[in-house]
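Novice: This is the content of my_file_16.cif (mmCIF, C-alpha atoms):
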```
data_data
#
loop_
_atom_site.group_PDB
_atom_site.id
_atom_site.type_symbol
_atom_site.label_atom_id
_atom_site.label_comp_id
_atom_site.auth_asym_id
_atom_site.auth_seq_id
_atom_site.Cartn_x
_atom_site.Cartn_y
_atom_site.Cartn_z
ATOM 1 C CA MET A 1 19.995 35.059 1.698
ATOM 2 C CA PRO A 2 17.843 31.886 2.050
ATOM 3 C CA PRO A 3 15.324 31.154 -0.718
ATOM 4 C CA ALA A 4 11.727 32.225 -0.214
ATOM 5 C CA VAL A 5 9.434 29.483 1.040
ATOM 6 C CA ALA A 6 7.323 28.431 -1.948
ATOM 7 C CA ALA A 7 5.057 25.848 -0.372
ATOM 8 C CA ARG A 8 3.971 24.304 2.870
ATOM 9 C CA VAL A 9 3.985 20.506 2.688
ATOM 10 C CA VAL A 10 1.441 18.859 4.995
ATOM 11 C CA VAL A 11 1.745 15.220 6.041
ATOM 12 C CA VAL A 12 -0.975 13.870 8.345
ATOM 13 C CA THR A 13 -0.166 10.804 10.431
ATOM 14 C CA TRP A 14 -1.812 8.645 13.057
ATOM 15 C CA ASN A 15 0.200 5.780 14.536
ATOM 16 C CA GLY A 16 2.228 5.715 11.344
ATOM 17 C CA ALA A 17 5.782 5.723 12.698
ATOM 18 C CA HIS A 18 6.573 2.728 10.485
ATOM 19 C CA LEU A 19 5.466 4.677 7.383
ATOM 20 C CA LEU A 20 6.924 8.121 8.037
ATOM 21 C CA PRO A 21 10.640 7.581 7.299
ATOM 22 C CA ALA A 22 10.129 6.737 3.629
ATOM 23 C CA CYS A 23 7.650 9.601 3.225
ATOM 24 C CA LEU A 24 9.806 12.225 4.928
ATOM 25 C CA ASP A 25 13.029 11.029 3.317
ATOM 26 C CA SER A 26 11.397 11.618 -0.073
ATOM 27 C CA LEU A 27 10.572 15.166 0.980
ATOM 28 C CA GLU A 28 14.106 15.750 2.249
ATOM 29 C CA SER A 29 15.329 14.735 -1.236
ATOM 30 C CA GLN A 30 13.176 17.223 -3.153
ATOM 31 C CA THR A 31 14.931 19.460 -5.672
ATOM 32 C CA VAL A 32 13.219 22.440 -4.023
ATOM 33 C CA ARG A 33 13.681 21.289 -0.409
ATOM 34 C CA ASP A 34 15.159 24.603 0.690
ATOM 35 C CA SER A 35 11.963 26.416 -0.292
ATOM 36 C CA LEU A 36 9.591 24.008 1.488
ATOM 37 C CA ASP A 37 8.066 24.263 4.948
ATOM 38 C CA VAL A 38 7.435 20.619 5.868
ATOM 39 C CA VAL A 39 4.763 20.146 8.527
ATOM 40 C CA VAL A 40 3.764 16.818 10.059
ATOM 41 C CA VAL A 41 0.394 16.808 11.806
ATOM 42 C CA ASP A 42 0.501 14.094 14.462
ATOM 43 C CA ASN A 43 -3.048 12.992 15.256
ATOM 44 C CA ALA A 44 -2.263 12.042 18.872
ATOM 45 C CA SER A 45 -0.218 8.977 17.881
ATOM 46 C CA GLN A 46 0.774 6.506 20.588
ATOM 47 C CA ASP A 47 3.392 4.526 18.655
ATOM 48 C CA GLY A 48 6.568 6.557 19.120
ATOM 49 C CA THR A 49 5.869 8.996 16.301
ATOM 50 C CA ALA A 50 6.835 12.023 18.425
ATOM 51 C CA GLU A 51 10.164 10.469 19.400
ATOM 52 C CA LEU A 52 10.914 9.437 15.810
ATOM 53 C CA LEU A 53 10.299 12.946 14.515
ATOM 54 C CA ALA A 54 12.365 14.602 17.236
ATOM 55 C CA ASP A 55 15.271 12.199 16.757
ATOM 56 C CA ARG A 56 15.466 11.789 12.987
ATOM 57 C CA TYR A 57 13.727 14.850 11.511
ATOM 58 C CA PRO A 58 14.573 17.918 13.604
ATOM 59 C CA GLY A 59 14.076 20.169 10.561
ATOM 60 C CA VAL A 60 10.444 19.123 10.208
ATOM 61 C CA ARG A 61 7.846 21.202 12.004
ATOM 62 C CA VAL A 62 5.449 19.088 14.068
ATOM 63 C CA VAL A 63 1.884 20.080 14.921
ATOM 64 C CA ARG A 64 0.365 17.814 17.557
ATOM 65 C CA ALA A 65 -3.397 17.426 17.533
ATOM 66 C CA PRO A 66 -5.136 16.877 20.886
ATOM 67 C CA ARG A 67 -6.912 13.807 19.471
ATOM 68 C CA ASN A 68 -7.254 11.915 16.202
ATOM 69 C CA LEU A 69 -8.801 14.438 13.800
ATOM 70 C CA GLY A 70 -8.704 12.119 10.784
ATOM 71 C CA PHE A 71 -7.124 13.159 7.511
ATOM 72 C CA ALA A 72 -9.591 15.989 6.895
ATOM 73 C CA GLY A 73 -9.195 17.561 10.316
ATOM 74 C CA GLY A 74 -5.464 16.961 10.415
ATOM 75 C CA ALA A 75 -4.914 18.525 7.007
ATOM 76 C CA ALA A 76 -7.078 21.495 7.965
ATOM 77 C CA LEU A 77 -4.959 21.949 11.094
ATOM 78 C CA GLY A 78 -1.769 21.736 9.048
ATOM 79 C CA MET A 79 -3.023 24.385 6.612
ATOM 80 C CA ARG A 80 -4.014 26.812 9.346
ATOM 81 C CA ASP A 81 -2.280 30.196 9.210
ATOM 82 C CA ARG A 82 -0.782 29.345 5.840
ATOM 83 C CA THR A 83 1.368 32.076 4.339
ATOM 84 C CA THR A 84 2.946 30.285 1.372
ATOM 85 C CA GLU A 85 1.500 30.560 -2.114
ATOM 86 C CA HIS A 86 0.843 26.832 -2.253
ATOM 87 C CA VAL A 87 0.067 23.899 0.011
ATOM 88 C CA VAL A 88 1.341 20.436 -0.950
ATOM 89 C CA LEU A 89 -0.292 17.286 0.406
ATOM 90 C CA LEU A 90 1.392 13.904 0.720
ATOM 91 C CA ASN A 91 -0.013 10.836 2.453
ATOM 92 C CA ASN A 92 2.144 9.372 5.195
ATOM 93 C CA ASP A 93 2.129 6.068 3.269
ATOM 94 C CA ALA A 94 3.346 7.683 0.034
ATOM 95 C CA THR A 95 6.632 8.983 -1.367
ATOM 96 C CA PHE A 96 7.432 11.643 -3.959
ATOM 97 C CA ALA A 97 9.956 11.360 -6.780
ATOM 98 C CA PRO A 98 12.775 13.901 -6.190
ATOM 99 C CA ASP A 99 11.391 16.487 -8.625
ATOM 100 C CA ALA A 100 7.686 15.906 -7.939
ATOM 101 C CA VAL A 101 7.011 19.021 -5.863
ATOM 102 C CA GLU A 102 8.883 21.254 -8.316
ATOM 103 C CA VAL A 103 6.881 19.828 -11.227
ATOM 104 C CA LEU A 104 3.562 20.160 -9.364
ATOM 105 C CA LEU A 105 4.222 23.804 -8.502
ATOM 106 C CA GLY A 106 5.113 24.524 -12.121
ATOM 107 C CA ALA A 107 1.533 23.678 -13.118
ATOM 108 C CA PHE A 108 0.360 26.964 -11.590
ATOM 109 C CA ASP A 109 2.757 29.147 -13.586
ATOM 110 C CA GLY A 110 2.413 30.740 -16.990
ATOM 111 C CA PRO A 111 -0.361 32.387 -19.000
ATOM 112 C CA GLY A 112 -3.635 30.511 -18.974
ATOM 113 C CA ASN A 113 -3.007 28.827 -15.630
ATOM 114 C CA GLU A 114 -4.345 31.597 -13.424
ATOM 115 C CA ARG A 115 -7.460 29.593 -12.465
ATOM 116 C CA VAL A 116 -5.704 26.295 -11.828
ATOM 117 C CA GLY A 117 -6.622 25.721 -8.201
ATOM 118 C CA ALA A 118 -5.083 22.277 -7.733
ATOM 119 C CA ALA A 119 -2.449 20.130 -9.379
ATOM 120 C CA THR A 120 -2.767 16.384 -8.871
ATOM 121 C CA ALA A 121 0.134 13.954 -9.260
ATOM 122 C CA ARG A 122 0.432 10.625 -11.033
ATOM 123 C CA ILE A 123 0.311 8.133 -8.170
ATOM 124 C CA LEU A 124 1.498 4.564 -8.629
ATOM 125 C CA LEU A 125 0.805 1.555 -6.422
ATOM 126 C CA THR A 126 3.638 -0.109 -4.559
ATOM 127 C CA GLY A 127 4.550 -3.751 -4.995
ATOM 128 C CA THR A 128 2.684 -4.529 -8.216
ATOM 129 C CA GLU A 129 3.976 -6.255 -11.338
ATOM 130 C CA PRO A 130 3.371 -4.877 -13.861
ATOM 131 C CA VAL A 131 3.366 -1.420 -12.306
ATOM 132 C CA LEU A 132 -0.208 -0.264 -11.735
ATOM 133 C CA VAL A 133 -1.661 3.219 -11.383
ATOM 134 C CA ASN A 134 -3.307 4.343 -8.167
ATOM 135 C CA SER A 135 -4.603 7.727 -9.354
ATOM 136 C CA THR A 136 -4.433 10.344 -12.068
ATOM 137 C CA GLY A 137 -6.923 12.531 -10.219
ATOM 138 C CA ASN A 138 -10.418 12.026 -8.862
ATOM 139 C CA VAL A 139 -13.515 11.327 -10.963
ATOM 140 C CA LEU A 140 -17.207 10.716 -10.333
ATOM 141 C CA THR A 141 -18.940 7.538 -11.496
ATOM 142 C CA ALA A 142 -22.417 7.554 -13.034
ATOM 143 C CA GLN A 143 -23.699 6.399 -9.617
ATOM 144 C CA GLY A 144 -22.045 9.348 -7.915
ATOM 145 C CA ALA A 145 -19.136 7.583 -6.238
ATOM 146 C CA GLY A 146 -15.886 9.487 -6.012
ATOM 147 C CA THR A 147 -12.989 7.340 -7.165
ATOM 148 C CA ASP A 148 -9.437 7.468 -8.459
ATOM 149 C CA ARG A 149 -9.170 7.828 -12.219
ATOM 150 C CA ASP A 150 -7.296 4.901 -13.789
ATOM 151 C CA TYR A 151 -7.168 2.886 -10.561
ATOM 152 C CA ARG A 152 -5.154 -0.315 -11.155
ATOM 153 C CA ARG A 153 -4.589 0.346 -14.848
ATOM 154 C CA PRO A 154 -1.137 -0.730 -16.091
ATOM 155 C CA LEU A 155 1.360 2.097 -16.249
ATOM 156 C CA GLY A 156 1.490 3.447 -19.786
ATOM 157 C CA THR A 157 -2.229 2.897 -20.464
ATOM 158 C CA GLU A 158 -3.555 5.591 -18.127
ATOM 159 C CA SER A 159 -5.418 8.756 -19.131
ATOM 160 C CA THR A 160 -3.499 11.712 -20.486
ATOM 161 C CA ASP A 161 -6.236 14.367 -20.307
ATOM 162 C CA PRO A 162 -4.943 17.077 -17.942
ATOM 163 C CA ASP A 163 -8.486 18.275 -17.180
ATOM 164 C CA VAL A 164 -9.837 16.022 -14.431
ATOM 165 C CA PHE A 165 -12.783 16.645 -12.105
ATOM 166 C CA GLY A 166 -10.865 16.601 -8.853
ATOM 167 C CA PHE A 167 -7.513 16.151 -7.166
ATOM 168 C CA CYS A 168 -6.382 13.206 -5.091
ATOM 169 C CA GLY A 169 -5.464 14.395 -1.607
ATOM 170 C CA GLY A 170 -2.787 11.705 -1.350
ATOM 171 C CA ALA A 171 -0.355 13.668 -3.536
ATOM 172 C CA ALA A 172 -1.349 17.105 -4.789
ATOM 173 C CA ALA A 173 -0.662 20.835 -4.604
ATOM 174 C CA LEU A 174 -3.251 23.521 -3.873
ATOM 175 C CA ARG A 175 -3.139 27.232 -4.647
ATOM 176 C CA ARG A 176 -3.510 29.438 -1.573
ATOM 177 C CA GLU A 177 -5.697 31.907 -3.470
ATOM 178 C CA MET A 178 -8.150 29.086 -4.187
ATOM 179 C CA LEU A 179 -8.182 28.002 -0.550
ATOM 180 C CA ASP A 180 -8.780 31.582 0.536
ATOM 181 C CA ASP A 181 -11.674 31.737 -1.934
ATOM 182 C CA VAL A 182 -13.553 28.503 -1.210
ATOM 183 C CA GLY A 183 -12.067 27.265 2.065
ATOM 184 C CA GLY A 184 -10.059 24.144 2.820
ATOM 185 C CA PHE A 185 -11.029 20.654 3.904
ATOM 186 C CA ASP A 186 -14.166 20.128 5.971
ATOM 187 C CA PRO A 187 -12.920 18.622 9.269
ATOM 188 C CA THR A 188 -16.313 17.009 9.973
ATOM 189 C CA LEU A 189 -15.740 14.568 7.108
ATOM 190 C CA PHE A 190 -12.816 13.112 9.120
ATOM 191 C CA LEU A 191 -11.746 10.515 6.558
ATOM 192 C CA TYR A 192 -12.546 10.001 2.845
ATOM 193 C CA TYR A 193 -14.314 12.276 0.338
ATOM 194 C CA GLU A 194 -12.736 15.446 1.768
ATOM 195 C CA ASP A 195 -10.869 15.974 -1.517
ATOM 196 C CA THR A 196 -14.029 15.282 -3.549
ATOM 197 C CA ASP A 197 -15.944 17.837 -1.487
ATOM 198 C CA LEU A 198 -13.258 20.490 -1.968
ATOM 199 C CA SER A 199 -13.093 19.694 -5.697
ATOM 200 C CA TRP A 200 -16.853 20.332 -6.014
ATOM 201 C CA ARG A 201 -16.461 23.682 -4.238
ATOM 202 C CA MET A 202 -13.516 24.612 -6.441
ATOM 203 C CA ARG A 203 -15.472 23.822 -9.588
ATOM 204 C CA ALA A 204 -18.480 25.788 -8.358
ATOM 205 C CA ALA A 205 -16.235 28.841 -7.947
ATOM 206 C CA GLY A 206 -14.688 28.501 -11.396
ATOM 207 C CA TRP A 207 -11.374 26.907 -10.420
ATOM 208 C CA SER A 208 -9.903 23.989 -12.383
ATOM 209 C CA VAL A 209 -7.831 20.911 -11.541
ATOM 210 C CA ARG A 210 -4.753 19.969 -13.556
ATOM 211 C CA TYR A 211 -3.386 16.438 -13.778
ATOM 212 C CA VAL A 212 0.427 16.578 -13.895
ATOM 213 C CA PRO A 213 1.863 13.226 -15.041
ATOM 214 C CA GLY A 214 5.455 14.413 -14.659
ATOM 215 C CA ALA A 215 4.957 14.691 -10.885
ATOM 216 C CA GLN A 216 5.115 11.134 -9.633
ATOM 217 C CA ALA A 217 4.307 9.594 -6.265
ATOM 218 C CA VAL A 218 4.197 5.993 -5.077
ATOM 219 C CA HIS A 219 1.508 4.945 -2.609
ATOM 220 C CA GLU A 220 0.937 1.968 -0.336
ATOM 221 C CA HIS A 221 -2.828 2.066 -0.886
ATOM 222 C CA ALA A 222 -4.988 2.032 2.273
ATOM 223 C CA ALA A 223 -2.041 1.195 4.516
ATOM 224 C CA SER A 224 -3.572 3.211 7.351
ATOM 225 C CA SER A 225 -7.173 1.937 7.445
ATOM 226 C CA GLY A 226 -7.750 -0.787 4.848
ATOM 227 C CA THR A 227 -10.615 -0.805 2.355
ATOM 228 C CA ASP A 228 -12.388 -3.741 4.041
ATOM 229 C CA SER A 229 -12.385 -2.288 7.563
ATOM 230 C CA PRO A 230 -15.440 -0.996 9.444
ATOM 231 C CA VAL A 231 -13.733 2.417 9.639
ATOM 232 C CA PHE A 232 -13.509 2.601 5.852
ATOM 233 C CA ARG A 233 -17.059 1.344 5.326
ATOM 234 C CA TYR A 234 -18.623 3.798 7.781
ATOM 235 C CA TYR A 235 -16.900 6.953 6.557
ATOM 236 C CA ASN A 236 -17.067 5.984 2.893
ATOM 237 C CA THR A 237 -20.828 5.371 3.153
ATOM 238 C CA ARG A 238 -21.664 8.459 5.189
ATOM 239 C CA ASN A 239 -19.352 10.894 3.439
ATOM 240 C CA SER A 240 -20.181 9.856 -0.105
ATOM 241 C CA LEU A 241 -23.851 10.633 0.560
ATOM 242 C CA VAL A 242 -23.166 13.852 2.476
ATOM 243 C CA VAL A 243 -20.880 15.230 -0.236
ATOM 244 C CA LEU A 244 -23.223 14.305 -3.082
ATOM 245 C CA THR A 245 -26.223 15.783 -1.288
ATOM 246 C CA ARG A 246 -24.297 19.003 -0.784
ATOM 247 C CA HIS A 247 -23.397 19.340 -4.443
ATOM 248 C CA ALA A 248 -24.898 16.958 -7.002
ATOM 249 C CA PRO A 249 -28.147 17.162 -9.016
ATOM 250 C CA ALA A 250 -31.090 15.608 -7.168
ATOM 251 C CA ALA A 251 -31.376 12.615 -9.535
ATOM 252 C CA LEU A 252 -27.755 11.661 -8.874
ATOM 253 C CA VAL A 253 -28.262 11.975 -5.116
ATOM 254 C CA ALA A 254 -31.262 9.647 -5.335
ATOM 255 C CA ARG A 255 -29.270 7.079 -7.330
ATOM 256 C CA SER A 256 -26.470 7.150 -4.786
ATOM 257 C CA VAL A 257 -28.830 6.716 -1.832
ATOM 258 C CA GLY A 258 -30.363 3.766 -3.669
ATOM 259 C CA ARG A 259 -26.938 2.277 -4.354
ATOM 260 C CA GLN A 260 -25.859 2.509 -0.724
ATOM 261 C CA SER A 261 -29.171 1.144 0.533
ATOM 262 C CA ALA A 262 -28.964 -1.775 -1.881
ATOM 263 C CA GLY A 263 -25.419 -2.443 -0.691
ATOM 264 C CA LEU A 264 -26.653 -2.687 2.892
ATOM 265 C CA PHE A 265 -29.494 -5.017 1.868
ATOM 266 C CA ARG A 266 -27.079 -7.315 0.036
ATOM 267 C CA ALA A 267 -24.701 -7.341 3.002
ATOM 268 C CA VAL A 268 -27.529 -8.421 5.319
ATOM 269 C CA VAL A 269 -28.837 -11.090 2.940
ATOM 270 C CA ARG A 270 -25.367 -12.513 2.327
ATOM 271 C CA ARG A 271 -24.515 -12.311 6.012
ATOM 272 C CA SER A 272 -21.372 -10.361 5.284
ATOM 273 C CA THR A 273 -18.909 -9.544 8.045
ATOM 274 C CA ALA A 274 -20.978 -8.192 10.922
ATOM 275 C CA GLY A 275 -18.614 -5.318 11.670
ATOM 276 C CA THR A 276 -18.655 -3.857 8.170
ATOM 277 C CA THR A 277 -22.423 -4.392 7.817
ATOM 278 C CA ARG A 278 -23.075 -2.486 11.035
ATOM 279 C CA ALA A 279 -20.649 0.205 9.901
ATOM 280 C CA ARG A 280 -22.562 0.630 6.623
ATOM 281 C CA ALA A 281 -25.853 0.806 8.526
ATOM 282 C CA ARG A 282 -24.433 3.430 10.903
ATOM 283 C CA GLY A 283 -23.166 5.456 7.958
ATOM 284 C CA LEU A 284 -26.603 5.496 6.351
ATOM 285 C CA ALA A 285 -28.303 6.311 9.652
ATOM 286 C CA HIS A 286 -25.962 9.206 10.377
ATOM 287 C CA TYR A 287 -26.466 10.530 6.851
ATOM 288 C CA VAL A 288 -30.234 10.538 7.374
ATOM 289 C CA GLY A 289 -29.868 12.134 10.802
ATOM 290 C CA ARG A 290 -27.865 15.071 9.462
ATOM 291 C CA LEU A 291 -29.905 15.465 6.253
ATOM 292 C CA PRO A 292 -31.556 18.785 7.279
ATOM 293 C CA ARG A 293 -28.106 20.207 7.995
ATOM 294 C CA THR A 294 -26.728 18.865 4.712
ATOM 295 C CA LEU A 295 -29.587 20.407 2.722
ATOM 296 C CA GLY A 296 -28.885 23.739 4.396
ATOM 297 C CA GLU A 297 -25.241 23.419 3.355
ATOM 298 C CA ARG A 298 -26.375 22.658 -0.191
ATOM 299 C CA ARG A 299 -28.392 25.874 -0.395
ATOM 300 C CA ARG A 300 -25.653 27.984 1.184
ATOM 301 C CA LEU A 301 -22.743 26.543 -0.804
ATOM 302 C CA TRP A 302 -24.389 26.994 -4.188
ATOM 303 C CA ARG A 303 -26.158 30.290 -3.559
ATOM 304 C CA ASP A 304 -23.136 32.315 -4.676
ATOM 305 C CA ALA A 305 -21.615 29.813 -7.114
ATOM 306 C CA THR A 306 -20.188 31.254 -10.325
ATOM 307 C CA VAL A 307 -20.642 27.972 -12.216
ATOM 308 C CA THR A 308 -23.959 26.120 -12.321
ATOM 309 C CA ARG A 309 -24.429 22.757 -10.650
ATOM 310 C CA SER A 310 -25.403 21.180 -13.961
ATOM 311 C CA THR A 311 -22.204 22.441 -15.594
ATOM 312 C CA VAL A 312 -20.023 20.870 -12.921
ATOM 313 C CA ALA A 313 -22.121 17.693 -13.083
ATOM 314 C CA GLN A 314 -21.036 17.225 -16.687
ATOM 315 C CA TYR A 315 -17.909 15.638 -15.181
ATOM 316 C CA VAL A 316 -20.014 12.772 -13.795
ATOM 317 C CA GLY A 317 -18.947 9.600 -15.576
ATOM 318 C CA ARG A 318 -16.111 11.332 -17.465
ATOM 319 C CA GLY A 319 -12.929 9.323 -17.073
ATOM 320 C CA ALA A 320 -14.568 6.780 -14.769
ATOM 321 C CA ALA A 321 -14.117 3.105 -15.599
#
```
As a first step, turn the structure in this file into structure tokens.
Specialist:
Amino acid sequence: MPPAVAARVVVVTWNGAHLLPACLDSLESQTVRDSLDVVVVDNASQDGTAELLADRYPGVRVVRAPRNLGFAGGAALGMRDRTTEHVVLLNNDATFAPDAVEVLLGAFDGPGNERVGAATARILLTGTEPVLVNSTGNVLTAQGAGTDRDYRRPLGTESTDPDVFGFCGGAAALRREMLDDVGGFDPTLFLYYEDTDLSWRMRAAGWSVRYVPGAQAVHEHAASSGTDSPVFRYYNTRNSLVVLTRHAPAALVARSVGRQSAGLFRAVVRRSTAGTTRARARGLAHYVGRLPRTLGERRRLWRDATVTRSTVAQYVGRGAA
């Protein structure tokens, strides 16, 4: 009798055929491979991704999106109709150590772990000497930015506190009961801050996030979009403000709006790259344009919260460099 499927693993890709083999090979090597349902969401790639998957990974289930839905929309599509007790996320430009999924899933077991909604892995950066950390979970800076805890700290000097504000969607496991309670990723965010948004909603409903250092992943940071691209600048600007306005205390929202506005002013004065400056301006403009909708989401999302906004906001600045 085959083992019960313990988790659905979701990998979202867009024109990432050059990245997928390493990612999927690491999943094929998992100690619990026989109990995993591996799903690749192909965001309408045009680079031979479909042919690669059909030829080399016939045991992987492929969900083809009609267009590029971004990471948030792709992950939401991959989680649809979930029946397993857990959902595991792995970026297409990342790889898991052979026992990583087994160790992540173990974080949900045992007395006292009933309200652990997400387990976030220790993610290392590729190609650095000494070895540097990419993430030990997500944290919020005093200015309200969502960022990776311990980003670029040398391995061995990173945080050990298992209680971290949020999970990093690049390598994490989510409990189905939590997703059923608060919902999954918001597809409208498309790219960036979708894990921060879900972490806020988890915290508001009384769920916790557990950092699991024994579950290790390696990540080629920003291999898909780049942190200096107009795509990154637009979505990072817009989504950071949307997510904070949905969830954070008003003073923190005001500080973040000021920070983003000042960033745009500096970019104009310094005559920074025109593409990224326009992208930042568009992000701010779209944030302002959807502000009435965002404020309505704020009221609705926190109306039935079991934990106060101020209690969750105590994580602001905790663990951030």
Novice: Excluding segment 296-309 of chain A and any residue of its chain fewer than 2 positions from it, enumerate the residues within 12 Å of it, using all atoms listed in the file, and give them as a PyMOL selection string.
Specialist: chain A and resi 181-183+186+197-198+200-208+242-250+252-253+290-294+311-316
Novice: So that I can see what lies close to His86 of chain A, please list as a ChimeraX atom specification the residues with an atom at most 8 Å from it, counting all atoms listed in the file and leaving out residues fewer than 3 positions away in the same chain.
Specialist: /A:6-8,105,173-176
Novice: Using atom CA of Gly144 of chain A and atom CA of Ala76 of chain A as the two end points, give the distance in Å to one decimal.
Specialist: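 About the pair atom CA of Gly144 of chain A and atom CA of Ala76 of chain A: they are 25.0 Å apart.
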Novice: As an exercise, work out the distance from atom CA of Tyr287 of chain A to atom CA of Phe232 of chain A in Å and give it to one decimal place.
Specialist: 15.2 Å
Novice: Quick check, in Å to one decimal: how far apart do atom CA of Ser159 of chain A and atom CA of Gly319 of chain A lie?
Specialist: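 Distance reported for this atom pair: 7.8 Å.
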Novice: Measuring between all atoms listed in the file, which one of A:Phe185, A:Ala54, A:Phe165, A:Arg115 shows the shortest distance to Thr141 of chain A?
Specialist: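 That would be A:Phe165, the residue with the smallest distance to Thr141 of chain A.
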Novice: Using the chain letters and numbers from the file, which residues does the PyMOL selection byres ((chain A and resi 89) around 7) grab, as a list in words?
Specialist: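 That expression, the PyMOL selection byres ((chain A and resi 89) around 7), corresponds here to Val9, Val10, Val11, Val87, Val88, Leu90, Asn91, Gly169, Gly170, Ala171, Ala172 and Ala173 of chain A.
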Novice: Nearest to Thr83 of chain A: which of A:Leu179, A:Pro66, A:His286, A:Arg233 is it, counting all atoms listed in the file?
Specialist: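 Of A:Leu179, A:Pro66, A:His286, A:Arg233, the one nearest Thr83 of chain A is A:Leu179, counting all atoms listed in the file.
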Novice: Just checking: using all atoms listed in the file, which residue out of A:Leu284, A:Leu77, A:Ala320, A:Val269 ends up closest to Gly137 of chain A?
Specialist: A:Ala320
Novice: The PyMOL selection byres ((chain A and resi 136) around 12) - which residues does that actually catch in the file I just gave you? List them as a ChimeraX atom specification.
Specialist: /A:119-125,132-135,137-139,147-153,155-172,209-218,319-320
Novice: With C-alpha atoms retained, could you export that selection as a PDB file, in the frame of the given file?
Specialist:
```pdb
ATOM      1  CA  ALA A 119      -2.449  20.130  -9.379  1.00  0.00           C
ATOM      2  CA  THR A 120      -2.767  16.384  -8.871  1.00  0.00           C
ATOM      3  CA  ALA A 121       0.134  13.954  -9.260  1.00  0.00           C
ATOM      4  CA  ARG A 122       0.432  10.625 -11.033  1.00  0.00           C
ATOM      5  CA  ILE A 123       0.311   8.133  -8.170  1.00  0.00           C
ATOM      6  CA  LEU A 124       1.498   4.564  -8.629  1.00  0.00           C
ATOM      7  CA  LEU A 125       0.805   1.555  -6.422  1.00  0.00           C
ATOM      8  CA  LEU A 132      -0.208  -0.264 -11.735  1.00  0.00           C
ATOM      9  CA  VAL A 133      -1.661   3.219 -11.383  1.00  0.00           C
ATOM     10  CA  ASN A 134      -3.307   4.343  -8.167  1.00  0.00           C
ATOM     11  CA  SER A 135      -4.603   7.727  -9.354  1.00  0.00           C
ATOM     12  CA  GLY A 137      -6.923  12.531 -10.219  1.00  0.00           C
ATOM     13  CA  ASN A 138     -10.418  12.026  -8.862  1.00  0.00           C
ATOM     14  CA  VAL A 139     -13.515  11.327 -10.963  1.00  0.00           C
ATOM     15  CA  THR A 147     -12.989   7.340  -7.165  1.00  0.00           C
ATOM     16  CA  ASP A 148      -9.437   7.468  -8.459  1.00  0.00           C
ATOM     17  CA  ARG A 149      -9.170   7.828 -12.219  1.00  0.00           C
ATOM     18  CA  ASP A 150      -7.296   4.901 -13.789  1.00  0.00           C
ATOM     19  CA  TYR A 151      -7.168   2.886 -10.561  1.00  0.00           C
ATOM     20  CA  ARG A 152      -5.154  -0.315 -11.155  1.00  0.00           C
ATOM     21  CA  ARG A 153      -4.589   0.346 -14.848  1.00  0.00           C
ATOM     22  CA  LEU A 155       1.360   2.097 -16.249  1.00  0.00           C
ATOM     23  CA  GLY A 156       1.490   3.447 -19.786  1.00  0.00           C
ATOM     24  CA  THR A 157      -2.229   2.897 -20.464  1.00  0.00           C
ATOM     25  CA  GLU A 158      -3.555   5.591 -18.127  1.00  0.00           C
ATOM     26  CA  SER A 159      -5.418   8.756 -19.131  1.00  0.00           C
ATOM     27  CA  THR A 160      -3.499  11.712 -20.486  1.00  0.00           C
ATOM     28  CA  ASP A 161      -6.236  14.367 -20.307  1.00  0.00           C
ATOM     29  CA  PRO A 162      -4.943  17.077 -17.942  1.00  0.00           C
ATOM     30  CA  ASP A 163      -8.486  18.275 -17.180  1.00  0.00           C
ATOM     31  CA  VAL A 164      -9.837  16.022 -14.431  1.00  0.00           C
ATOM     32  CA  PHE A 165     -12.783  16.645 -12.105  1.00  0.00           C
ATOM     33  CA  GLY A 166     -10.865  16.601  -8.853  1.00  0.00           C
ATOM     34  CA  PHE A 167      -7.513  16.151  -7.166  1.00  0.00           C
ATOM     35  CA  CYS A 168      -6.382  13.206  -5.091  1.00  0.00           C
ATOM     36  CA  GLY A 169      -5.464  14.395  -1.607  1.00  0.00           C
ATOM     37  CA  GLY A 170      -2.787  11.705  -1.350  1.00  0.00           C
ATOM     38  CA  ALA A 171      -0.355  13.668  -3.536  1.00  0.00           C
ATOM     39  CA  ALA A 172      -1.349  17.105  -4.789  1.00  0.00           C
ATOM     40  CA  VAL A 209      -7.831  20.911 -11.541  1.00  0.00           C
ATOM     41  CA  ARG A 210      -4.753  19.969 -13.556  1.00  0.00           C
ATOM     42  CA  TYR A 211      -3.386  16.438 -13.778  1.00  0.00           C
ATOM     43  CA  VAL A 212       0.427  16.578 -13.895  1.00  0.00           C
ATOM     44  CA  PRO A 213       1.863  13.226 -15.041  1.00  0.00           C
ATOM     45  CA  GLY A 214       5.455  14.413 -14.659  1.00  0.00           C
ATOM     46  CA  ALA A 215       4.957  14.691 -10.885  1.00  0.00           C
ATOM     47  CA  GLN A 216       5.115  11.134  -9.633  1.00  0.00           C
ATOM     48  CA  ALA A 217       4.307   9.594  -6.265  1.00  0.00           C
ATOM     49  CA  VAL A 218       4.197   5.993  -5.077  1.00  0.00           C
ATOM     50  CA  GLY A 319     -12.929   9.323 -17.073  1.00  0.00           C
ATOM     51  CA  ALA A 320     -14.568   6.780 -14.769  1.00  0.00           C
TER      52      ALA A 320
END
```
Novice: Going by the chain IDs and residue numbers used in this file, which residues fall under the PyMOL selection byres ((chain A and resi 74) around 8)? Write them as a list in words.
Specialist: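 The output of the PyMOL selection byres ((chain A and resi 74) around 8) on this file is Val12, Val41, Asp42, Asn43, Ala65, Asn68, Leu69, Gly70, Phe71, Ala72, Gly73, Ala75, Ala76, Leu77, Gly78 and Pro187 of chain A.
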Novice: Nearest to Asp99 of chain A among A:Ala50, A:Leu140, A:Ser29, A:Gly146, with distances taken over only C-alpha atoms: which residue is it?
Specialist: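 Ranking A:Ala50, A:Leu140, A:Ser29, A:Gly146 by distance to Asp99 of chain A, first place goes to A:Ser29.
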